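Structure file work33.txt (compact mmCIF, C-alpha atoms) is printed below.
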```txt
# COMPACT_ATOMS: atom_id res chain seq x y z
CA MET A 1 -86.45 -75.41 2.99
CA THR A 2 -85.59 -73.90 -0.36
CA ILE A 3 -88.16 -71.85 -2.22
CA LEU A 4 -87.84 -72.09 -5.96
CA ALA A 5 -89.04 -69.26 -8.08
CA THR A 6 -91.70 -70.34 -10.52
CA PRO A 7 -93.40 -68.26 -13.14
CA GLY A 8 -96.11 -66.15 -11.57
CA HIS A 9 -94.81 -66.84 -8.06
CA ARG A 10 -92.68 -64.32 -6.17
CA ARG A 11 -90.23 -65.17 -3.50
CA PRO A 12 -90.91 -63.58 -0.14
CA ALA A 13 -89.12 -60.28 0.26
CA ALA A 14 -86.09 -60.31 2.49
CA PRO A 15 -86.53 -58.34 5.66
CA THR A 16 -85.24 -54.82 5.30
CA SER A 17 -83.87 -52.59 7.93
CA VAL A 18 -85.32 -49.12 8.21
CA LEU A 19 -82.84 -46.43 8.96
CA PRO A 20 -83.94 -44.16 11.76
CA ARG A 21 -84.83 -40.65 10.75
CA PRO A 22 -82.38 -38.07 12.03
CA ALA A 23 -83.73 -36.05 14.91
CA ALA A 24 -85.22 -32.75 13.82
CA VAL A 25 -82.92 -29.86 14.54
CA PRO A 26 -84.84 -27.12 16.32
CA ALA A 27 -85.05 -23.76 14.60
CA ASN A 28 -82.60 -21.19 15.87
CA PRO A 29 -83.62 -17.81 14.42
CA PHE A 30 -81.62 -14.65 14.88
CA THR A 31 -83.15 -11.83 16.89
CA ALA A 32 -83.09 -8.43 15.18
CA THR A 33 -80.10 -7.40 17.31
CA GLU A 34 -78.23 -10.65 16.60
CA LEU A 35 -78.95 -10.29 12.88
CA ASP A 36 -77.51 -6.77 12.83
CA ALA A 37 -74.36 -7.98 14.59
CA ALA A 38 -74.02 -10.99 12.27
CA TRP A 39 -74.50 -8.79 9.19
CA SER A 40 -71.66 -6.55 10.38
CA GLU A 41 -69.41 -9.58 10.76
CA TRP A 42 -70.41 -11.01 7.37
CA ALA A 43 -69.78 -7.63 5.75
CA SER A 44 -66.20 -7.69 7.03
CA TYR A 45 -65.69 -10.80 4.85
CA SER A 46 -67.88 -9.84 1.87
CA PRO A 47 -70.30 -6.90 1.78
CA VAL A 48 -72.08 -8.37 -1.26
CA LEU A 49 -72.74 -11.74 0.38
CA ALA A 50 -73.64 -10.09 3.68
CA ASP A 51 -76.39 -8.21 1.86
CA VAL A 52 -77.62 -11.43 0.24
CA LEU A 53 -77.97 -13.12 3.63
CA LEU A 54 -79.67 -10.06 5.11
CA VAL A 55 -82.25 -10.19 2.31
CA LEU A 56 -82.80 -13.91 2.98
CA ALA A 57 -83.24 -13.20 6.70
CA ARG A 58 -85.77 -10.44 5.99
CA THR A 59 -87.73 -12.17 3.19
CA GLY A 60 -87.75 -15.84 4.23
CA LEU A 61 -86.54 -17.00 0.82
CA ARG A 62 -85.26 -20.53 0.52
CA TRP A 63 -81.65 -20.77 -0.69
CA ASN A 64 -82.66 -22.37 -3.99
CA GLU A 65 -85.32 -19.70 -4.56
CA ALA A 66 -82.79 -16.91 -4.02
CA ARG A 67 -80.41 -18.57 -6.50
CA ALA A 68 -83.09 -18.47 -9.23
CA LEU A 69 -84.42 -14.91 -8.85
CA THR A 70 -83.75 -12.56 -11.72
CA LEU A 71 -83.94 -8.78 -11.86
CA ALA A 72 -87.35 -9.11 -13.53
CA ASP A 73 -88.62 -10.77 -10.32
CA ALA A 74 -87.95 -7.66 -8.23
CA THR A 75 -90.43 -4.80 -7.95
CA ASP A 76 -90.03 -1.67 -5.84
CA ASP A 77 -91.65 -3.31 -2.83
CA ALA A 78 -91.73 -7.09 -3.41
CA LEU A 79 -90.02 -10.15 -4.86
CA VAL A 80 -92.00 -12.48 -7.12
CA VAL A 81 -90.95 -16.01 -6.16
CA ASP A 82 -92.04 -18.57 -8.75
CA LYS A 83 -88.92 -20.64 -9.46
CA ALA A 84 -85.95 -22.28 -7.80
CA ALA A 85 -82.47 -23.43 -8.84
CA GLY A 86 -80.67 -26.26 -7.11
CA GLU A 87 -76.90 -26.32 -6.75
CA GLY A 88 -76.72 -28.10 -10.10
CA GLY A 89 -77.92 -24.87 -11.67
CA ARG A 90 -81.11 -26.13 -13.34
CA THR A 91 -83.97 -23.69 -12.77
CA HIS A 92 -87.48 -25.07 -12.39
CA ALA A 93 -90.90 -23.59 -11.73
CA LEU A 94 -92.26 -23.84 -8.21
CA PRO A 95 -95.55 -25.64 -7.60
CA PRO A 96 -98.38 -23.09 -7.70
CA ALA A 97 -98.96 -23.43 -3.94
CA ARG A 98 -95.39 -22.22 -3.26
CA ALA A 99 -95.30 -19.39 -5.80
CA ARG A 100 -95.85 -16.06 -4.09
CA GLU A 101 -95.00 -12.39 -3.77
CA VAL A 102 -92.82 -11.55 -0.77
CA PRO A 103 -92.78 -7.97 0.56
CA LEU A 104 -89.52 -6.07 0.86
CA ALA A 105 -89.14 -4.43 4.25
CA GLY A 106 -87.48 -1.05 4.48
CA TRP A 107 -84.31 -2.82 5.61
CA VAL A 108 -83.76 -4.53 2.29
CA ARG A 109 -85.41 -2.27 -0.30
CA PRO A 110 -82.22 -0.25 -0.86
CA ILE A 111 -80.18 -3.44 -1.25
CA VAL A 112 -82.54 -4.85 -3.88
CA ALA A 113 -82.77 -1.49 -5.66
CA ARG A 114 -78.97 -1.37 -5.87
CA LEU A 115 -78.81 -4.94 -7.23
CA VAL A 116 -81.43 -4.19 -9.89
CA ALA A 117 -79.92 -0.89 -11.06
CA GLY A 118 -78.36 -1.04 -14.51
CA GLY A 119 -78.92 -4.75 -15.07
CA GLU A 120 -80.87 -6.71 -17.65
CA PRO A 121 -84.18 -8.38 -16.70
CA ASP A 122 -82.74 -11.90 -17.17
CA ASP A 123 -79.68 -11.25 -14.96
CA LEU A 124 -79.58 -13.07 -11.63
CA LEU A 125 -80.62 -10.86 -8.72
CA PHE A 126 -78.26 -12.41 -6.16
CA THR A 127 -74.71 -13.18 -7.23
CA THR A 128 -71.23 -13.39 -5.79
CA GLY A 129 -68.98 -10.33 -5.69
CA LEU A 130 -67.68 -11.37 -9.11
CA GLY A 131 -71.15 -11.81 -10.58
CA GLY A 132 -71.32 -15.62 -10.48
CA GLN A 133 -74.25 -17.71 -9.34
CA LEU A 134 -74.31 -18.36 -5.61
CA ARG A 135 -72.93 -21.69 -4.38
CA ARG A 136 -73.88 -22.63 -0.84
CA GLY A 137 -70.51 -24.10 0.17
CA ALA A 138 -68.50 -21.26 -1.33
CA VAL A 139 -70.69 -18.63 0.37
CA LEU A 140 -70.40 -20.34 3.75
CA ARG A 141 -66.60 -20.56 3.43
CA ARG A 142 -66.28 -16.94 2.24
CA LEU A 143 -68.32 -15.66 5.20
CA ASN A 144 -66.54 -17.93 7.69
CA TRP A 145 -69.98 -19.32 8.59
CA ALA A 146 -68.55 -21.74 11.16
CA GLN A 147 -67.80 -18.67 13.29
CA THR A 148 -70.14 -15.97 12.01
CA GLY A 149 -73.22 -18.19 11.72
CA ARG A 150 -73.28 -18.56 15.51
CA GLY A 151 -74.29 -22.22 15.38
CA ARG A 152 -77.09 -21.65 12.89
CA SER A 153 -77.86 -23.00 9.43
CA LEU A 154 -78.91 -21.03 6.37
CA ASP A 155 -82.41 -22.42 6.95
CA ASP A 156 -82.49 -20.47 10.20
CA LEU A 157 -82.58 -17.30 8.09
CA ARG A 158 -86.11 -18.33 6.99
CA HIS A 159 -87.09 -18.82 10.62
CA THR A 160 -85.59 -15.41 11.38
CA ALA A 161 -87.86 -13.78 8.80
CA ALA A 162 -90.91 -15.55 10.22
CA CYS A 163 -90.11 -14.56 13.80
CA LEU A 164 -89.41 -10.95 12.87
CA TRP A 165 -92.67 -10.68 10.90
CA LEU A 166 -94.64 -12.18 13.77
CA SER A 167 -92.97 -9.83 16.28
CA GLU A 168 -93.95 -6.92 14.00
CA GLY A 169 -97.60 -7.98 14.29
CA PHE A 170 -98.23 -9.72 10.97
CA HIS A 171 -100.90 -12.42 11.00
CA PRO A 172 -99.52 -15.99 11.09
CA ALA A 173 -101.47 -16.95 7.93
CA MET A 174 -99.81 -14.11 6.03
CA VAL A 175 -96.39 -15.14 7.32
CA ARG A 176 -97.00 -18.73 6.18
CA HIS A 177 -98.03 -17.44 2.77
CA TRP A 178 -94.90 -15.29 2.44
CA LEU A 179 -92.80 -18.32 3.37
CA GLY A 180 -94.50 -20.35 0.64
CA GLN A 181 -95.97 -22.85 3.06
CA THR A 182 -99.63 -22.48 2.15
CA PRO A 183 -101.71 -20.36 -0.19
CA LEU A 184 -104.03 -17.75 1.24
CA ALA A 185 -107.75 -18.47 0.93
CA ARG A 186 -109.28 -16.62 -1.96
```
For the file at hand, write its structure as structure tokens.
Amino acid sequence: MTILATPGHRRPAAPTSVLPRPAAVPANPFTATELDAAWSEWASYSPVLADVLLVLARTGLRWNEARALTLADATDDALVVDKAAGEGGRTHALPPARAREVPLAGWVRPIVARLVAGGEPDDLLFTTGLGGQLRRGAVLRRLNWAQTGRGRSLDDLRHTAACLWLSEGFHPAMVRHWLGQTPLAR
């Protein structure tokens, strides 16, 4: 039987196949000891990029958030996270529920202070050794991530921050807030 299309009448939709969702990859955070060892390895390839990844692992920043931070977003004890920049370079504001202030632990305060020193407020906070904007693929190649990442992804640095904060006794609601997952009740 042939169905003819007539004005105001739609043909039945053809059956579509639904692609299965890839299985979720379980989080694989670094322990504090593993993070220290990984940082040492990363620093042997690039001290600048090793420091960037250490800050990510201690602040829970998303990669695109770190790419967008400017020197004006850094205070003595926190990072103001209110924007992100995808690999295409376009910076956009974060939804209000994800904008937040993330504390800087003693581990990373000196790194951020060094990055801020002598720069202009609109300069990017995290850059390559030559001052260029971070590119995920280039950073992973430069740090030999296939070996030094120990089977982890850059997203595992966020999980590392969460686990370290929780092990240090911070309340789970505060950790979620710092990760930009939910606003704190006012």
For the point (-79.6, -6.2, -13.3) in the file's frame, write as an NGL selection string all residues with an atom no more than 12 Å away, counting all atoms listed in the file. :A and (69-74 or 112-127 or 131)
For Ala43 (chain A): contacts at 12 Å, only C-alpha atoms, fewer than 5 positions along chain excluded, given as an NGL selection string: :A and (35-38 or 48-54 or 129 or 142-144 or 148)
Just C-alpha atoms for this one: save the residues we selected as a CSV table (one decimal), in the coordinates of the input.
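Listing of selection-v9.csv after writing:
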```
chain,number,residue,atom,x,y,z
A,35,LEU,CA,-79.0,-10.3,12.9
A,36,ASP,CA,-77.5,-6.8,12.8
A,37,ALA,CA,-74.4,-8.0,14.6
A,38,ALA,CA,-74.0,-11.0,12.3
A,48,VAL,CA,-72.1,-8.4,-1.3
A,49,LEU,CA,-72.7,-11.7,0.4
A,50,ALA,CA,-73.6,-10.1,3.7
A,51,ASP,CA,-76.4,-8.2,1.9
A,52,VAL,CA,-77.6,-11.4,0.2
A,53,LEU,CA,-78.0,-13.1,3.6
A,54,LEU,CA,-79.7,-10.1,5.1
A,129,GLY,CA,-69.0,-10.3,-5.7
A,142,ARG,CA,-66.3,-16.9,2.2
A,143,LEU,CA,-68.3,-15.7,5.2
A,144,ASN,CA,-66.5,-17.9,7.7
A,148,THR,CA,-70.1,-16.0,12.0
```
d(CA of Glu101 (chain A), CA of Asp155 (chain A)) in Å: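 For CA of Glu101 (chain A) relative to CA of Asp155 (chain A), the distance reads 19.3 Å.
Interatomic distance, CA of Met174 (chain A) against CA of Ala85 (chain A): 24.7 Å.
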Considering only C-alpha atoms, return as a PyMOL selection string whatever protein or nucleic-acid residues lie within 12 Å of Arg90 (chain A), sequence-local ones (same chain, fewer than 3 positions apart) excluded. chain A and resi 64-65+67-68+83-87+93+133
Closest of A:Val139, A:Ala24, A:Pro95, A:Val81 to Pro47 (chain A) - atom-to-atom distances counting only C-alpha atoms: A:Val139
Which neighbours of Val25 (chain A) fall inside 12 Å, counting only C-alpha atoms, when residues of the same chain fewer than 5 positions from it are skipped, and could you give them as a PyMOL selection string? chain A and resi 151-153+155-156
Coordinates-based distance that separates CA of Ala161 (chain A) from CA of Leu79 (chain A) (Å, one decimal):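 The value is 14.3 Å.
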Can you tell me which residues surround Leu179 (chain A) at a distance of at most 8 Å, considering only C-alpha atoms, apart from same-chain residues fewer than 4 positions away, and format the answer as a PyMOL selection string? chain A and resi 59-61+102+158+162+175
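Considering the residues A:Phe170, A:Arg58, A:Ser46, A:His177 and counting all atoms listed in the file, Ala32 (chain A) has its shortest atom-to-atom contact with A:Arg58.
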With all atoms listed in the file as the atoms that count, which of A:Val55, A:Leu166, A:Ala66, A:Ala27 lies nearest to Arg136 (chain A)?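 Of all the options, A:Ala66 lies closest to Arg136 (chain A).
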I'd like to know which of A:Arg141, A:His171, A:His159, A:Arg176 is closest to Pro29 (chain A), using all atoms listed in the file.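 Distance minimum relative to Pro29 (chain A) lands on A:His159.
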Could you pull the residues within 6 Å of Leu157 (chain A), counting all atoms listed in the file, minus those fewer than 3 positions along the same chain, as a PyMOL selection string? chain A and resi 57+154+160
Expected axis-aligned box over every listed atom of region 36-39 of chain A, 6 Å added per side, centre plus edges in Å to one decimal, as JSON:
```
{"center_x": -75.8, "center_y": -8.9, "center_z": 11.9, "size_x": 15.5, "size_y": 16.2, "size_z": 17.4}
```
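Counting all atoms listed in the file, the residue from A:Gly137, A:Gln147, A:Glu168, A:Thr33 that sits nearest to Trp63 (chain A) is A:Gly137.
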Starting from the block above, write region 28-143 of chain A out to a file with C-alpha atoms, as a compact mmCIF listing (two decimals), in the first residue's frame, please.
```txt
# COMPACT_ATOMS: atom_id res chain seq x y z
CA ASN A 28 39.30 7.61 38.96
CA PRO A 29 40.61 10.40 41.21
CA PHE A 30 44.22 10.72 42.26
CA THR A 31 45.07 10.29 45.93
CA ALA A 32 47.18 13.08 47.42
CA THR A 33 50.29 10.88 47.15
CA GLU A 34 49.52 9.91 43.54
CA LEU A 35 48.90 13.56 42.65
CA ASP A 36 52.27 14.59 44.07
CA ALA A 37 54.01 11.86 42.06
CA ALA A 38 52.11 12.77 38.88
CA TRP A 39 52.92 16.47 39.34
CA SER A 40 56.63 15.60 39.57
CA GLU A 41 56.37 13.65 36.33
CA TRP A 42 54.40 16.39 34.56
CA ALA A 43 56.95 18.97 35.73
CA SER A 44 59.71 17.01 34.01
CA TYR A 45 57.88 17.71 30.72
CA SER A 46 56.61 21.24 31.46
CA PRO A 47 56.70 22.94 34.86
CA VAL A 48 54.14 25.52 33.71
CA LEU A 49 51.58 22.95 32.57
CA ALA A 50 52.26 20.77 35.62
CA ASP A 51 51.25 23.71 37.80
CA VAL A 52 48.09 24.25 35.74
CA LEU A 53 47.02 20.65 36.27
CA LEU A 54 47.85 20.81 39.97
CA VAL A 55 45.59 23.85 40.31
CA LEU A 56 42.80 21.99 38.47
CA ALA A 57 43.24 18.99 40.78
CA ARG A 58 43.07 21.21 43.87
CA THR A 59 40.23 23.52 42.76
CA GLY A 60 37.92 21.23 40.78
CA LEU A 61 37.79 23.62 37.83
CA ARG A 62 36.43 22.30 34.56
CA TRP A 63 38.89 22.51 31.66
CA ASN A 64 36.81 25.12 29.83
CA GLU A 65 36.49 27.21 33.01
CA ALA A 66 40.26 27.20 33.52
CA ARG A 67 40.77 28.30 29.90
CA ALA A 68 38.58 31.39 30.47
CA LEU A 69 39.93 32.66 33.81
CA THR A 70 41.72 35.97 33.75
CA LEU A 71 44.03 37.54 36.30
CA ALA A 72 41.10 39.67 37.49
CA ASP A 73 39.33 36.44 38.53
CA ALA A 74 42.04 35.56 41.06
CA THR A 75 42.06 36.91 44.61
CA ASP A 76 44.58 36.07 47.32
CA ASP A 77 42.54 33.10 48.51
CA ALA A 78 39.97 32.25 45.81
CA LEU A 79 39.14 32.05 42.12
CA VAL A 80 35.94 33.65 40.84
CA VAL A 81 34.52 31.25 38.27
CA ASP A 82 31.81 32.88 36.14
CA LYS A 83 32.76 32.07 32.55
CA ALA A 84 34.07 29.31 30.32
CA ALA A 85 35.85 29.07 26.97
CA GLY A 86 35.52 26.06 24.71
CA GLU A 87 38.35 24.88 22.49
CA GLY A 88 37.04 27.21 19.78
CA GLY A 89 38.11 30.09 22.00
CA ARG A 90 34.74 31.82 22.44
CA THR A 91 34.22 32.84 26.06
CA HIS A 92 30.71 32.76 27.48
CA ALA A 93 29.14 33.46 30.86
CA LEU A 94 28.25 30.49 33.02
CA PRO A 95 24.65 29.99 34.12
CA PRO A 96 24.17 31.64 37.52
CA ALA A 97 23.83 28.25 39.24
CA ARG A 98 27.37 27.30 38.12
CA ALA A 99 29.07 30.63 38.87
CA ARG A 100 30.97 30.44 42.14
CA GLU A 101 34.02 31.32 44.17
CA VAL A 102 36.47 28.44 44.65
CA PRO A 103 38.94 28.57 47.55
CA LEU A 104 42.66 28.28 46.92
CA ALA A 105 44.30 25.75 49.20
CA GLY A 106 47.78 26.43 50.51
CA TRP A 107 49.11 24.06 47.85
CA VAL A 108 48.13 26.30 44.98
CA ARG A 109 48.13 29.84 46.41
CA PRO A 110 51.82 30.40 45.53
CA ILE A 111 51.23 29.12 41.99
CA VAL A 112 48.31 31.48 41.41
CA ALA A 113 50.18 34.39 43.02
CA ARG A 114 53.11 33.79 40.66
CA LEU A 115 50.79 33.66 37.63
CA VAL A 116 49.08 36.92 38.62
CA ALA A 117 52.27 38.87 39.38
CA GLY A 118 53.06 41.58 36.86
CA GLY A 119 50.17 40.84 34.51
CA GLU A 120 47.20 42.86 33.33
CA PRO A 121 43.70 42.11 34.68
CA ASP A 122 42.45 40.91 31.25
CA ASP A 123 45.37 38.49 30.72
CA LEU A 124 44.54 34.79 30.86
CA LEU A 125 45.45 33.21 34.19
CA PHE A 126 46.43 29.81 32.79
CA THR A 127 48.52 29.71 29.63
CA THR A 128 51.13 27.58 27.95
CA GLY A 129 54.83 28.12 28.62
CA LEU A 130 54.84 30.54 25.68
CA GLY A 131 51.81 32.46 26.92
CA GLY A 132 49.21 31.00 24.54
CA GLN A 133 45.74 29.83 25.45
CA LEU A 134 45.58 26.24 26.63
CA ARG A 135 44.56 23.60 24.10
CA ARG A 136 43.53 20.26 25.55
CA GLY A 137 45.20 18.07 22.92
CA ALA A 138 48.44 20.03 22.93
CA VAL A 139 48.64 19.95 26.73
CA LEU A 140 48.03 16.20 26.85
CA ARG A 141 50.73 15.58 24.22
CA ARG A 142 53.22 17.93 25.91
CA LEU A 143 52.77 16.17 29.27
```
